[in-house]
Every structure is written in C-alpha cells, then in structure tokens.
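Participant: Got a structure for you, input-v4.tsv, holding TSV, C-alpha atoms.
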```tsv
chain	number	residue	atom	x	y	z
A	1	MET	CA	0.00	0.00	0.00
A	2	VAL	CA	2.67	2.50	1.02
A	3	SER	CA	4.94	1.67	-1.93
A	4	GLY	CA	2.38	3.11	-4.32
A	5	LEU	CA	3.16	6.55	-2.92
A	6	PHE	CA	6.66	6.31	-4.37
A	7	GLY	CA	5.92	4.80	-7.77
A	8	ALA	CA	4.81	1.55	-9.35
A	9	PRO	CA	6.11	-1.45	-7.36
A	10	GLU	CA	7.45	-3.16	-10.51
A	11	ARG	CA	9.50	-0.09	-11.37
A	12	ILE	CA	10.84	0.25	-7.84
A	13	THR	CA	12.14	-3.31	-7.93
A	14	VAL	CA	14.02	-2.61	-11.18
A	15	GLU	CA	15.62	0.45	-9.58
A	16	ARG	CA	16.65	-1.66	-6.60
A	17	GLY	CA	17.89	-4.40	-8.90
A	18	LEU	CA	20.18	-1.91	-10.64
A	19	ALA	CA	21.60	-0.82	-7.29
A	20	GLU	CA	22.21	-4.45	-6.29
A	21	PHE	CA	23.97	-5.21	-9.58
A	22	ARG	CA	26.20	-2.14	-9.19
A	23	GLY	CA	27.05	-3.34	-5.70
A	24	GLY	CA	28.04	-6.76	-7.07
A	25	ARG	CA	25.15	-8.58	-5.43
A	26	PRO	CA	22.72	-11.09	-6.99
A	27	VAL	CA	19.05	-10.49	-7.68
A	28	ILE	CA	16.18	-12.72	-8.68
A	29	VAL	CA	14.75	-12.03	-12.13
A	30	ALA	CA	11.32	-13.58	-12.56
A	31	GLY	CA	9.63	-14.31	-15.88
A	32	ALA	CA	6.22	-15.81	-16.58
A	33	ALA	CA	7.46	-19.38	-16.21
A	34	GLU	CA	10.88	-19.15	-14.54
A	35	ALA	CA	12.86	-17.46	-11.81
A	36	LEU	CA	16.63	-16.98	-12.02
A	37	ILE	CA	19.11	-15.90	-9.41
A	38	ALA	CA	21.60	-13.79	-11.38
A	39	LEU	CA	24.98	-12.24	-10.56
A	40	PRO	CA	26.92	-9.90	-12.88
A	41	VAL	CA	30.28	-11.24	-13.99
A	42	ASP	CA	31.71	-7.72	-13.88
A	43	GLY	CA	33.91	-7.39	-10.78
A	44	ILE	CA	33.51	-10.99	-9.64
A	45	ASP	CA	36.41	-12.63	-7.81
A	46	ALA	CA	37.12	-16.21	-6.73
A	47	GLY	CA	35.51	-15.76	-3.31
A	48	ARG	CA	32.31	-14.28	-4.72
A	49	LEU	CA	32.16	-16.99	-7.39
A	50	ALA	CA	32.42	-19.71	-4.74
A	51	SER	CA	29.76	-18.05	-2.60
A	52	PHE	CA	27.39	-17.74	-5.54
A	53	ALA	CA	27.90	-21.39	-6.51
A	54	ARG	CA	26.92	-22.41	-2.96
A	55	VAL	CA	23.82	-20.24	-3.10
A	56	CYS	CA	22.79	-21.82	-6.40
A	57	GLY	CA	23.22	-25.41	-5.20
A	58	PRO	CA	22.28	-27.99	-6.23
A	59	HIS	CA	22.18	-26.23	-9.62
A	60	THR	CA	25.41	-25.30	-11.42
A	61	PRO	CA	25.43	-21.65	-12.52
A	62	ARG	CA	25.15	-21.05	-16.26
A	63	LEU	CA	26.58	-18.08	-18.15
A	64	ILE	CA	24.25	-15.62	-19.90
A	65	ILE	CA	25.81	-13.57	-22.70
A	66	SER	CA	24.44	-10.96	-25.09
A	67	THR	CA	23.57	-11.50	-28.74
A	68	ARG	CA	26.67	-9.65	-29.89
A	69	ARG	CA	28.98	-11.65	-27.67
A	70	ALA	CA	27.37	-14.89	-28.81
A	71	ARG	CA	28.05	-13.99	-32.43
A	72	THR	CA	31.65	-13.15	-31.54
A	73	LEU	CA	31.93	-16.72	-30.25
A	74	GLY	CA	30.66	-17.99	-33.61
A	75	LEU	CA	27.11	-18.82	-32.52
A	76	GLU	CA	24.02	-18.35	-34.72
A	77	ALA	CA	22.36	-16.01	-32.26
A	78	SER	CA	19.10	-14.12	-32.71
A	79	GLY	CA	19.08	-13.06	-29.05
A	80	PRO	CA	21.01	-13.54	-25.81
A	81	MET	CA	22.35	-17.03	-25.18
A	82	THR	CA	22.76	-19.23	-22.12
A	83	LEU	CA	25.98	-21.25	-21.96
A	84	THR	CA	26.67	-24.36	-19.93
A	85	ILE	CA	30.42	-24.49	-19.40
A	86	GLY	CA	32.17	-27.84	-19.62
A	87	GLY	CA	34.51	-28.80	-16.78
A	88	GLU	CA	35.09	-26.86	-13.60
A	89	LEU	CA	33.53	-23.42	-13.32
A	90	ASP	CA	36.41	-21.02	-12.71
A	91	LEU	CA	37.21	-17.37	-13.25
A	92	GLY	CA	39.53	-18.04	-16.17
A	93	ALA	CA	36.86	-19.89	-18.11
A	94	ILE	CA	34.25	-17.22	-17.38
A	95	ARG	CA	36.46	-14.29	-18.35
A	96	SER	CA	37.56	-16.02	-21.53
A	97	LEU	CA	33.96	-16.52	-22.63
A	98	VAL	CA	32.96	-12.98	-21.68
A	99	ALA	CA	35.66	-10.73	-23.12
A	100	ASP	CA	38.53	-12.52	-24.89
A	101	ARG	CA	38.88	-12.11	-28.65
A	102	GLU	CA	39.28	-15.89	-28.92
A	103	THR	CA	38.50	-18.67	-26.46
A	104	GLN	CA	39.27	-22.35	-26.18
A	105	GLN	CA	36.55	-22.98	-23.62
A	106	LYS	CA	34.04	-25.74	-24.33
A	107	PHE	CA	30.37	-24.99	-23.80
A	108	GLU	CA	26.84	-25.87	-24.81
A	109	ALA	CA	24.58	-23.01	-25.86
A	110	VAL	CA	20.83	-22.42	-26.08
A	111	HIS	CA	18.81	-19.29	-26.68
A	112	ALA	CA	18.00	-17.43	-23.48
A	113	ALA	CA	14.50	-17.33	-22.01
A	114	PRO	CA	12.82	-13.97	-21.21
A	115	ALA	CA	14.19	-13.77	-17.67
A	116	ALA	CA	17.75	-14.27	-18.93
A	117	THR	CA	17.23	-11.64	-21.62
A	118	ALA	CA	16.04	-9.22	-18.93
A	119	CYS	CA	19.25	-9.94	-16.98
A	120	ILE	CA	21.32	-8.70	-19.95
A	121	LYS	CA	19.26	-5.50	-20.21
A	122	LEU	CA	19.60	-4.88	-16.49
A	123	ALA	CA	23.39	-5.31	-16.62
A	124	LYS	CA	23.67	-2.89	-19.55
A	125	MET	CA	21.59	-0.26	-17.77
A	126	ALA	CA	23.93	-0.61	-14.78
A	127	HIS	CA	26.87	0.04	-17.17
A	128	LEU	CA	28.30	-3.40	-16.44
A	129	LEU	CA	29.54	-6.00	-18.90
A	130	PRO	CA	26.50	-7.76	-20.43
A	131	ALA	CA	27.32	-11.15	-18.94
A	132	LEU	CA	25.89	-12.87	-15.87
A	133	LEU	CA	26.02	-16.11	-13.96
A	134	ALA	CA	22.56	-17.49	-13.28
A	135	ALA	CA	20.71	-20.54	-12.02
A	136	ASP	CA	17.10	-21.56	-11.55
A	137	ILE	CA	15.78	-20.87	-8.07
A	138	ASP	CA	12.63	-21.74	-6.18
A	139	PRO	CA	10.97	-18.52	-4.93
A	140	ALA	CA	10.22	-20.27	-1.63
A	141	ILE	CA	13.94	-20.88	-1.13
A	142	ALA	CA	14.77	-17.35	-2.20
A	143	ALA	CA	12.51	-15.98	0.53
A	144	ARG	CA	14.79	-17.46	3.19
A	145	PHE	CA	17.77	-15.23	2.40
A	146	ASP	CA	18.75	-12.60	4.98
A	147	PRO	CA	18.80	-9.86	3.92
A	148	PRO	CA	16.15	-10.81	1.33
A	149	LEU	CA	17.14	-10.78	-2.31
A	150	VAL	CA	15.48	-8.22	-4.57
A	151	THR	CA	13.08	-9.81	-7.07
A	152	VAL	CA	12.77	-8.03	-10.41
A	153	ASP	CA	9.95	-8.63	-12.89
A	154	ALA	CA	11.41	-9.39	-16.32
A	155	ALA	CA	8.56	-7.58	-18.10
A	156	ALA	CA	9.21	-4.42	-16.06
A	157	VAL	CA	12.84	-4.38	-17.22
A	158	ALA	CA	11.71	-4.21	-20.86
A	159	SER	CA	9.76	-0.96	-20.37
A	160	PHE	CA	12.06	0.59	-17.79
A	161	ARG	CA	14.16	2.79	-20.07
A	162	SER	CA	11.20	4.51	-21.71
A	163	ASP	CA	9.53	4.99	-18.33
A	164	THR	CA	12.71	6.57	-16.99
A	165	VAL	CA	12.73	9.12	-19.81
A	166	GLN	CA	9.26	10.25	-18.77
A	167	SER	CA	10.47	10.77	-15.19
A	168	LEU	CA	12.84	13.60	-16.18
A	169	THR	CA	12.60	16.76	-14.12
A	170	ILE	CA	14.54	20.03	-14.09
A	171	VAL	CA	16.41	20.27	-10.79
A	172	GLY	CA	18.62	23.32	-11.17
A	173	GLU	CA	19.72	26.06	-13.53
A	174	ALA	CA	22.09	29.02	-13.56
A	175	ARG	CA	23.92	31.37	-15.88
A	176	VAL	CA	27.51	30.32	-16.58
A	177	PRO	CA	29.85	32.63	-18.53
A	178	LEU	CA	32.07	30.61	-20.87
A	179	ALA	CA	35.53	31.22	-22.34
A	180	GLY	CA	35.60	33.66	-25.23
A	181	GLY	CA	32.83	35.78	-23.74
A	182	LEU	CA	30.02	33.33	-24.50
A	183	SER	CA	26.88	33.71	-22.43
A	184	ALA	CA	25.26	30.44	-21.43
A	185	ARG	CA	22.57	29.05	-19.13
A	186	PHE	CA	22.97	25.52	-17.76
A	187	ILE	CA	19.78	23.55	-17.04
A	188	VAL	CA	20.29	20.29	-15.16
A	189	PHE	CA	17.86	17.39	-15.59
A	190	ARG	CA	17.50	14.36	-13.33
A	191	ASP	CA	15.62	11.11	-13.85
A	192	ALA	CA	14.15	8.73	-11.29
A	193	ILE	CA	17.38	6.76	-10.88
A	194	GLY	CA	19.64	9.78	-10.49
A	195	GLY	CA	20.90	10.12	-14.05
A	196	GLY	CA	21.79	13.68	-14.96
A	197	SER	CA	22.02	15.29	-18.39
A	198	VAL	CA	22.41	19.02	-19.00
A	199	ALA	CA	21.00	21.49	-21.51
A	200	ILE	CA	23.34	24.40	-22.25
A	201	ILE	CA	21.45	27.35	-23.74
A	202	VAL	CA	24.04	29.39	-25.61
A	203	GLY	CA	23.24	33.04	-26.27
A	204	ALA	CA	19.60	33.95	-26.88
A	205	PRO	CA	18.04	31.47	-29.34
A	206	ASP	CA	14.60	32.23	-30.77
A	207	PHE	CA	12.49	29.15	-29.97
A	208	SER	CA	9.74	30.32	-32.34
A	209	ARG	CA	12.10	29.42	-35.20
A	210	PRO	CA	14.21	26.31	-35.88
A	211	VAL	CA	16.96	26.32	-33.24
A	212	PRO	CA	20.49	25.03	-33.84
A	213	VAL	CA	20.96	22.03	-31.52
A	214	ARG	CA	23.89	19.75	-30.79
A	215	LEU	CA	23.39	16.39	-29.05
A	216	HIS	CA	26.71	15.70	-27.37
A	217	SER	CA	27.43	12.50	-25.46
A	218	ALA	CA	29.62	13.07	-22.40
A	219	CYS	CA	33.27	12.27	-23.09
A	220	LEU	CA	35.57	12.73	-20.12
A	221	THR	CA	38.67	11.79	-22.06
A	222	GLY	CA	38.02	14.00	-25.07
A	223	ASP	CA	36.04	16.95	-23.68
A	224	VAL	CA	38.11	17.45	-20.52
A	225	PHE	CA	41.55	16.01	-21.23
A	226	GLY	CA	41.83	16.45	-24.98
A	227	SER	CA	42.19	12.76	-25.88
A	228	ARG	CA	43.26	12.18	-29.47
A	229	ARG	CA	41.39	8.86	-29.60
A	230	CYS	CA	38.22	10.75	-30.56
A	231	ASP	CA	37.06	14.05	-31.98
A	232	CYS	CA	34.50	14.76	-29.23
A	233	GLY	CA	36.32	17.70	-27.70
A	234	ASP	CA	36.93	19.28	-31.10
A	235	GLN	CA	33.28	18.80	-32.07
A	236	LEU	CA	32.10	20.40	-28.84
A	237	LYS	CA	34.28	23.48	-29.41
A	238	LEU	CA	33.15	23.71	-33.03
A	239	ALA	CA	29.50	23.42	-32.00
A	240	LEU	CA	29.90	26.25	-29.49
A	241	ALA	CA	31.44	28.43	-32.20
A	242	HIS	CA	28.56	27.65	-34.61
A	243	LEU	CA	25.93	28.45	-31.99
A	244	ASP	CA	27.65	31.72	-31.13
A	245	ALA	CA	27.78	32.72	-34.81
A	246	ALA	CA	24.11	31.81	-35.24
A	247	GLY	CA	23.07	34.06	-32.35
A	248	GLY	CA	22.28	31.19	-30.02
A	249	GLY	CA	21.35	27.55	-29.75
A	250	VAL	CA	21.27	24.52	-27.50
A	251	ILE	CA	23.76	21.82	-26.56
A	252	LEU	CA	22.33	18.74	-24.85
A	253	TYR	CA	25.18	17.21	-22.88
A	254	LEU	CA	24.00	13.63	-22.46
A	255	GLU	CA	25.13	11.11	-19.84
A	256	GLN	CA	26.09	8.50	-22.46
A	257	GLU	CA	29.85	8.08	-22.16
A	258	GLY	CA	31.52	5.71	-24.60
A	259	ARG	CA	28.56	5.38	-26.99
A	260	GLY	CA	26.39	4.48	-24.02
A	261	LEU	CA	28.73	1.81	-22.58
A	262	GLY	CA	29.85	3.85	-19.56
A	263	LEU	CA	33.37	4.95	-18.69
A	264	ALA	CA	34.67	1.60	-17.37
A	265	ASN	CA	33.58	-0.32	-20.48
A	266	LYS	CA	34.92	2.46	-22.66
A	267	MET	CA	38.37	1.87	-21.13
A	268	ARG	CA	38.01	-1.88	-21.74
A	269	ALA	CA	37.20	-1.15	-25.37
A	270	TYR	CA	40.28	1.08	-25.58
A	271	GLU	CA	42.42	-1.85	-24.38
A	272	LEU	CA	41.04	-3.97	-27.20
A	273	GLN	CA	41.71	-1.14	-29.66
A	274	ASP	CA	45.33	-1.12	-28.50
A	275	ALA	CA	45.39	-4.81	-29.46
A	276	GLY	CA	44.30	-3.97	-33.01
A	277	LEU	CA	40.48	-3.75	-33.04
A	278	ASP	CA	38.52	-0.74	-34.27
A	279	THR	CA	35.84	0.92	-32.13
A	280	VAL	CA	32.94	-1.17	-33.45
A	281	ASP	CA	34.74	-4.52	-33.13
A	282	ALA	CA	36.01	-3.64	-29.66
A	283	ASN	CA	32.48	-2.86	-28.47
A	284	THR	CA	30.99	-6.03	-29.95
A	285	THR	CA	33.80	-8.19	-28.55
A	286	LEU	CA	32.71	-7.02	-25.10
A	287	GLY	CA	29.14	-8.00	-25.92
A	288	PHE	CA	27.70	-4.59	-26.74
A	289	ASN	CA	26.08	-3.26	-29.88
A	290	ASP	CA	28.39	-0.90	-31.76
A	291	ASP	CA	26.32	2.00	-30.33
A	292	GLU	CA	24.18	1.60	-27.20
A	293	ARG	CA	22.95	5.19	-27.00
A	294	ASP	CA	19.25	6.02	-26.69
A	295	TYR	CA	18.18	9.50	-27.76
A	296	GLY	CA	14.74	9.34	-26.14
A	297	VAL	CA	16.12	11.38	-23.26
A	298	ALA	CA	17.28	14.08	-25.70
A	299	ALA	CA	13.84	14.30	-27.31
A	300	ARG	CA	12.20	14.61	-23.87
A	301	MET	CA	14.63	17.37	-22.85
A	302	LEU	CA	13.82	19.32	-26.02
A	303	GLU	CA	10.09	18.94	-25.35
A	304	MET	CA	10.52	20.25	-21.82
A	305	LEU	CA	12.47	23.23	-23.17
A	306	GLU	CA	9.68	23.82	-25.75
A	307	CYS	CA	12.32	23.49	-28.45
A	308	THR	CA	10.71	21.13	-30.96
A	309	ARG	CA	11.87	22.65	-34.28
A	310	ILE	CA	15.60	22.28	-34.70
A	311	THR	CA	18.57	22.31	-37.04
A	312	LEU	CA	20.76	19.46	-35.85
A	313	LEU	CA	24.54	19.80	-35.71
A	314	THR	CA	25.69	16.24	-36.31
A	315	ASN	CA	27.47	13.76	-38.55
A	316	ASN	CA	25.33	10.89	-37.24
A	317	PRO	CA	22.13	9.98	-39.15
A	318	ALA	CA	20.90	7.87	-36.19
A	319	LYS	CA	20.35	11.05	-34.20
A	320	LEU	CA	18.12	12.48	-36.94
A	321	ASP	CA	16.02	9.32	-37.10
A	322	ALA	CA	15.67	9.02	-33.31
A	323	LEU	CA	14.56	12.61	-32.78
A	324	ALA	CA	12.20	12.63	-35.75
A	325	GLY	CA	10.65	9.40	-34.50
A	326	ALA	CA	10.04	11.05	-31.14
A	327	GLY	CA	8.17	13.98	-32.68
A	328	ILE	CA	10.96	16.57	-32.99
A	329	GLU	CA	10.79	18.50	-36.28
A	330	ILE	CA	14.17	18.43	-38.03
A	331	SER	CA	14.41	21.50	-40.26
A	332	GLY	CA	17.97	20.86	-41.39
A	333	ARG	CA	21.32	19.32	-40.58
A	334	MET	CA	24.74	20.92	-40.25
A	335	PRO	CA	27.78	18.58	-40.25
A	336	LEU	CA	30.68	19.18	-37.88
A	337	HIS	CA	33.95	18.55	-39.70
A	338	THR	CA	36.95	18.51	-37.38
A	339	PRO	CA	40.63	17.80	-38.12
A	340	ILE	CA	41.51	14.10	-38.53
A	341	ASN	CA	44.41	12.78	-36.48
A	342	ALA	CA	46.25	9.48	-36.50
```
Could I get this structure in the form of structure tokens?
Facilitator:
Amino acid sequence: MVSGLFGAPERITVERGLAEFRGGRPVIVAGAAEALIALPVDGIDAGRLASFARVCGPHTPRLIISTRRARTLGLEASGPMTLTIGGELDLGAIRSLVADRETQQKFEAVHAAPAATACIKLAKMAHLLPALLAADIDPAIAARFDPPLVTVDAAAVASFRSDTVQSLTIVGEARVPLAGGLSARFIVFRDAIGGGSVAIIVGAPDFSRPVPVRLHSACLTGDVFGSRRCDCGDQLKLALAHLDAAGGGVILYLEQEGRGLGLANKMRAYELQDAGLDTVDANTTLGFNDDERDYGVAARMLEMLECTRITLLTNNPAKLDALAGAGIEISGRMPLHTPINA
C-alpha cells in the first residue's frame, strides 16, 4: 500500500535491482514461467564466485551472454544465449567466454529465455559487462535469504528505459559565462534513478524558429583532457562556435559516455583497440552493440524546453532518425567537420 506513494512497485524493484547489480550482489529475475538468481560477472572474484555457486546449489550456474557476444563466439544467435560451461567453473573460463577475442573454452549453448534476456538488459543499464552467472531458483527458497534478495519482474525491465525518460525533471539552472565571452545558461535534468544530463542554452536562441541544436554525449577523455582517440572535444568546441555565430542555440550534454557503454567499459574497449580492433569490433567483442545510446532522453529534454523545431549539428544519421521518430521536427542538418588525427 505504502509503496504506491513512491511509484509503481514493478518499477521500484528494477531500480533496486540496478543498485544491487552495481554493488556486485545477486538479484532474482522472474519471468512468466521461470525465476533466475543472477549475478553480474563484472567485478567478480574467486571468493564471490564460490559463494554464488553455494547459493545456487544444487544447480550449477550457467553463463548468460548478449547476442553480440554470442556472435563473436561464432554462434548463430538471434538473441542472448545461455551457456553451460564444460569442466570446472572457474574465473579463467568465465572471463575467456565474456571478453577474450578468442577462447578455447568448451560450452553448450541455447537461446535465453525472457528472464535471462532481462538480466542482460539490467546489466547494460547498470553500465556493467552484459554477462551474468545465473541458475534456476525456487521462490520459496529465495525468501529465506537474509537480507532478502530483490526480485525483479522481467517484463518491467523491458519498459524501464522509456519509463525513466518520462520521469525527467529540471532540478537546477544558472547562468555560466564561458571562455571567449560566451553567455550560457545551464539547465540540469534528473531522472528517477539519479541520471543527470544538462541542456546548455548558448546566447539567446529564438524558440519560435528552428533552433540550432547539438546532441553531445559526455566524453571525459576528449572533452576534458583532450584525448586524441576521438574528436568529441573538437566537435564540442566547433559546435559552441557555430551556436555563437548563429546568435544562439542549445547543446544537450548527455550522460552516455563511450557510446552508451559507460566509462569503465569504454576503457576496456580502448584496451582492445590497443590490441588492433577498431571501435565497433572492440564494443561487440565485449558483448555490446556498436552503439548503445538512446536518444529518447534528448527528445524529452527538447520537449521540456519547448524546443521542438531544430537544425541538428551532427554527422550521425541515427540522431536524426531518433529525434524525428520522437516527434521533434528536423528542419535541417549541419555537419561538424573537425581535423583528422592518426
């Protein structure tokens, strides 16, 4: 009864499940015909692996991997897969199946059921590697744990991202003078799970006309430290110059580091790039799509700013399609060509 005051119970359990995953603890993910106890592989050590195996007894934990990772392993995958690992379950075998470019591990694979698919989505939303250990569990047994394990409804995971977009609120704003004499106003947004993206209103744009807008995914390495691995910092500076010349515009600074992978996974992808992979192959080797970003949050921010007719500053057609599909009128596109480095 009381929980209804703070949101839908199914949504609350997903939020708690995300917190548990980030803390390296297992949750129960329940589908229509199954219940799994699932633990993210990300951050697991030998002690935690042994503890989880005891919790799962008498069942042996299986490994759930994403569609992309399954294809990297040479499987004909149309969705996430569940692997049964041959031999002893150890960290070396798990890590090899999760992130190595090649593996000699033996396994049997089947397509994942809905609860296992929800586990992958939950891990991605927590910015963890999309790989989990899981085993069937009787809800009656699960109820005996102290403290109790969080139980997440698989169906609620599927709709969680879109619901989160609708929870956006404006929590703070202020004028911030920028280098070069630019006048700007920063408007901070927050969603129900604490995510924060920012709208930077540069100059004095006329919202009754198409407004120049740049969607910019946060890039700590490029925007702040000038990394030469990407052109993000250069694009941000060029966008600011364009908006200033146009008399004003909007930059949406989105919390989507590393094409939506998160900073830790971005660094893992960089390690694979150092070994010879390009950005796309590095991301898919880790089990991600080549781009995990979702621009629904950007469309919602523009709606809340009453900025629904825009000229988009981008080189990425996916941004045009995503915003147009969400009801934003795209009046034109301006590419951002920056210098190419090695």
Participant: Show which residues sit within 9 Å of Leu73 of chain A, as JSON, numbers by chain. Count only C-alpha atoms, and ignore same-chain residues fewer than 2 positions away.
Facilitator: {"A": [68, 69, 70, 71, 75, 97, 101, 102, 103, 285]}
Participant: To one decimal place, how far is atom CA of Val165 of chain A from atom CA of Val297 of chain A in Å?
Facilitator: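 Calculated distance between atom CA of Val165 of chain A and atom CA of Val297 of chain A is 5.3 Å.
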Participant: Sort by chain and increasing residue number a table of all residues of segment 235-320 of chain A within 12 Å of segment 40-49 of chain A, each with its closest pair of atoms and their distance in Å to one decimal, counting only C-alpha atoms, and write it as CSV.
Facilitator:
```
residue,atom,partner,partner_atom,distance
A:Ala264,CA,A:Asp42,CA,10.4
A:Asn265,CA,A:Asp42,CA,10.1
A:Arg268,CA,A:Asp42,CA,11.6
A:Leu286,CA,A:Asp42,CA,11.3
```
Participant: Distance atom CA of Met81 of chain A-atom CA of Asp281 of chain A, one decimal place?
Facilitator: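 Between these atoms lies a distance of 19.3 Å.
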Participant: Counting only C-alpha atoms, which of A:Leu128, A:Val211, A:Val224, A:Leu272 gets nearest to Leu312 of chain A?
Facilitator: A:Val211
Participant: Can you work out which one of A:Leu261, A:Ile28, A:Ala50, A:Ala158 has the shortest atom-to-atom distance to Lys124 of chain A, counting only C-alpha atoms?
Facilitator: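 Between A:Leu261, A:Ile28, A:Ala50, A:Ala158, the residue approaching Lys124 of chain A most closely is A:Leu261.
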Participant: Fewer than 4 positions away in the same chain doesn't count, so skip those; otherwise give me all residues within 12 Å of Val110 of chain A, counting all atoms listed in the file, as a PDB file with C-alpha atoms, in the frame of the given file.
Facilitator:
```pdb
ATOM      1  CA  ARG A  62      25.150 -21.050 -16.260  1.00  0.00           C
ATOM      2  CA  LEU A  63      26.580 -18.080 -18.150  1.00  0.00           C
ATOM      3  CA  ILE A  64      24.250 -15.620 -19.900  1.00  0.00           C
ATOM      4  CA  ILE A  65      25.810 -13.570 -22.700  1.00  0.00           C
ATOM      5  CA  THR A  67      23.570 -11.500 -28.740  1.00  0.00           C
ATOM      6  CA  ALA A  70      27.370 -14.890 -28.810  1.00  0.00           C
ATOM      7  CA  LEU A  75      27.110 -18.820 -32.520  1.00  0.00           C
ATOM      8  CA  GLU A  76      24.020 -18.350 -34.720  1.00  0.00           C
ATOM      9  CA  ALA A  77      22.360 -16.010 -32.260  1.00  0.00           C
ATOM     10  CA  SER A  78      19.100 -14.120 -32.710  1.00  0.00           C
ATOM     11  CA  GLY A  79      19.080 -13.060 -29.050  1.00  0.00           C
ATOM     12  CA  PRO A  80      21.010 -13.540 -25.810  1.00  0.00           C
ATOM     13  CA  MET A  81      22.350 -17.030 -25.180  1.00  0.00           C
ATOM     14  CA  THR A  82      22.760 -19.230 -22.120  1.00  0.00           C
ATOM     15  CA  LEU A  83      25.980 -21.250 -21.960  1.00  0.00           C
ATOM     16  CA  THR A  84      26.670 -24.360 -19.930  1.00  0.00           C
ATOM     17  CA  ILE A  85      30.420 -24.490 -19.400  1.00  0.00           C
ATOM     18  CA  ALA A 116      17.750 -14.270 -18.930  1.00  0.00           C
TER      19      ALA A 116
END
```
Participant: Taking all atoms listed in the file into account, name the residue in A:Ile251, A:Pro148, A:Ile330, A:Ala143 that is nearest to Glu20 of chain A.
Facilitator: A:Pro148
Participant: Could you produce a table of the residues of segment 322-342 of chain A lying within 9 Å of segment 235-239 of chain A, with the nearest pair of atoms per residue and their separation in Å rounded to one decimal, using all atoms listed in the file, ordered by chain and increasing residue number, as a Markdown table?
Facilitator:
```
| residue | atom | partner | partner_atom | distance |
| --- | --- | --- | --- | --- |
| A:Leu336 | CA | A:Gln235 | CA | 6.4 |
| A:His337 | CA | A:Gln235 | CA | 7.7 |
| A:Thr338 | CA | A:Gln235 | CA | 6.5 |
```
Participant: If I take atom CA of Gly249 of chain A and atom CA of Ile170 of chain A, how far is one from the other in Å, to one decimal?
Facilitator: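 If I compute the distance from atom CA of Gly249 of chain A to atom CA of Ile170 of chain A, I get 18.7 Å.
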Participant: Can you pull out every residue within 10 Å of Leu243 of chain A, counting all atoms listed in the file, but drop anything in the same chain fewer than 3 positions away, and send it as a VMD selection string?
Facilitator: chain A and resid 182 201 to 205 211 to 214 238 to 240 246 to 251 313
Participant: Between A:Ala35, A:Arg25, A:Arg300, A:Val157, which has the minimum distance to Ser51 of chain A (counting all atoms listed in the file)?
Facilitator: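 Between A:Ala35, A:Arg25, A:Arg300, A:Val157, the residue approaching Ser51 of chain A most closely is A:Arg25.
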Participant: Using only C-alpha atoms, can you tell me which of A:Met301, A:Arg209, A:Val27, A:Asn289 comes closest to Arg190 of chain A?
Facilitator: A:Met301
Participant: Could you list, as JSON, numbers by chain, every residue within 7 Å of Ser167 of chain A, counting all atoms listed in the file and ignoring same-chain residues fewer than 4 positions away?
Facilitator: {"A": [163, 191, 192]}
Participant: For each of A:Pro177, A:Gly57, A:Gly260, A:Gly194, take the minimum atom-to-atom distance to Ser217 of chain A, counting all atoms listed in the file, then give the residue where this is smallest.
Facilitator: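 Closest to Ser217 of chain A, using all atoms listed in the file: A:Gly260.
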Participant: Any idea what's packed within 9 Å of Glu303 of chain A, counting all atoms listed in the file, ignoring anything in its chain fewer than 5 positions away? Could you give it as an NGL selection string?
Facilitator: :A and (298 or 308 or 328)
